[in-house]
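> Shown below is the structure under consideration.
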Amino acid sequence: MTPWPAIAAVAVLSFALKAAGPTALGERELSPRTRAVITLMAPALLAGLVTTGVAGDRWRTVDPALLVALTAVPLLRRCRLPMPAVLVAVALLATAVRGLTT
Amino acid sequence: MFQQVSPHKGALPRQGLRAGLRVGFTLGTASFLLAVSFGAITRSQGWAAAGAVLCSMAVFSASAQFALVSTLGAGGGVASAVVAAALVNARFLPMGVAASGSLRGGRLRRAAEAPAVVDGSWAAAPLGGGRFDRRVLFAASVVQWGLWGAGTALGGGLAPRPHLLTSLGLGGGAPAMFLFLLLDAPGAGRLYWTTAMLGGVIAAGLSFLLPAGPALIGAACASLLALARPLPKEDRDGPCRPQANDQPGTEPIQ
């Protein structure tokens, strides 16, 4: 059965979380200090997104094959491959490692 | 001199609508298979295909949607599933604050524009100095939104095996995408990399105890390192003013 109440609640909460900051700040200009902090949010959150994506649920579902495949990303990036090619390469490498270890 | 980080100027050009569409298509393609997986998983749990598509179009967050179906699939109640999804999406709070200066209009219009703040678009749109390229942000989000819904419809319609994504090695799409974006920062200095490392360490530690959402908020706190550095001279004299080389569509709200 489709959990319509859950879908509606998550949709409303997602919207509220995204809109809270812009709504509260309105048209106020951010201070230079605040803008400096915001500039660094990108690397902080990107690193966090990579880590939580690997960690899964409290580090209980870590995929070693994915960890190995992700180590190739810096090298692939250095080879100036576009993102779609890098993602395909990571998928293939993870599959290969999984196949070798099972 | 404070180094304004302007990532993505190399591999991902950010100016203009076309750049935003290109970024959106790249990011949307990467998440398309995740969307197919989501659609398949919801069908395996008895959802109507329309429900899965509506969920994707209304929530538009892979992590929250997977948290929702995972909790429900594990026998959790509606309340637990909603809380899990909301915690994962808590990261949108600092993201929304960060992008606020690049949204236009009064509070209502900014609230209406806020749904464009999604991980990939937000990460691809910064111009440095706390500003975001509006065209990249919105164009990339619109394209991803369409692909996300289409992928969910495909997954819900075809209903492939729920573990197809993992067995094909495609479960690492999201972390690989974010790692690519993190590394795509030509000219990034020591502060950028120090902040990234600190954010990763914080997220790693918090992930032992907390769900992904609060762990990500903790990671965002690494950006407070900016407070330890002196401001550049032009910013010490007052609020940031539009600069001569500002791009159209990126000026702060007057």
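In the structure tokens, chains take the letters A, B, ... in the order shown, each chain's residues start at 1, and ligands count up from 1 in the order shown.
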If the cut-off is 7 Å, can you tell me the residues of chain A near chain B, counting only C-alpha atoms? I'd like them as JSON, numbers by chain.

{"A": [1, 2, 6, 7, 9, 10, 11, 13, 14, 15, 17, 18, 19, 20, 21, 22, 23, 26, 27, 29, 30, 31, 32, 33, 35, 36, 37, 38, 39, 40, 41, 42, 43, 44, 45, 46, 47, 48, 49, 50, 51, 52, 53, 54, 55, 57, 58, 59, 66, 70, 73, 83, 84, 87, 91, 92, 94, 95]}

> Could you please write out, as a VMD selection string, every residue of region 67-236 of chain B that DSSP assigns to strand (DSSP E or B)?

chain B and resid 126 to 128 131 to 132

> The selected residues should be written to file as a compact mmCIF listing (two decimals), in the first residue's frame (atoms: N, CA, C and O atoms).


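Result went into again07.txt, see below:
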```
# COMPACT_ATOMS: atom_id res chain seq x y z
N PRO B 126 28.44 27.45 -6.90
CA PRO B 126 29.10 28.54 -6.20
C PRO B 126 30.09 29.31 -7.06
O PRO B 126 30.78 28.74 -7.90
N LEU B 127 30.10 30.63 -6.84
CA LEU B 127 30.99 31.52 -7.58
C LEU B 127 32.12 32.05 -6.70
O LEU B 127 32.98 32.76 -7.18
N GLY B 128 32.09 31.67 -5.43
CA GLY B 128 33.05 32.23 -4.49
C GLY B 128 32.44 33.45 -3.80
O GLY B 128 31.50 34.06 -4.31
N ARG B 131 28.49 33.54 -3.03
CA ARG B 131 27.44 33.73 -4.03
C ARG B 131 27.31 32.50 -4.92
O ARG B 131 28.25 31.74 -5.08
N PHE B 132 26.11 32.36 -5.47
CA PHE B 132 25.81 31.22 -6.33
C PHE B 132 25.31 31.72 -7.68
O PHE B 132 24.65 32.75 -7.78
```

> Rounded to one decimal place, report the CA of Thr152 (chain B)-CA of Val53 (chain B) distance in Å.

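Going from CA of Thr152 (chain B) over to CA of Val53 (chain B) covers 5.7 Å.
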
> Leaving out region 142-147 of chain B and any residue of its chain fewer than 3 positions from it, which residues lie within 6 Å of it when counting only C-alpha atoms, given as number ranges by chain?

B: 24, 28, 139, 150-151

> Taking the DSSP secondary structure from the backbone, can you list the residues of chain A that are helix (DSSP H, G or I), as a VMD selection string?

chain A and resid 4 to 25 32 to 39 41 to 55 64 to 70 73 to 78 83 to 101

> Can you work out the spacing between CA of Phe66 (chain B) and CA of Ala153 (chain B) in Å, to one decimal?

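Pair CA of Phe66 (chain B) / CA of Ala153 (chain B) returns 15.5 Å.
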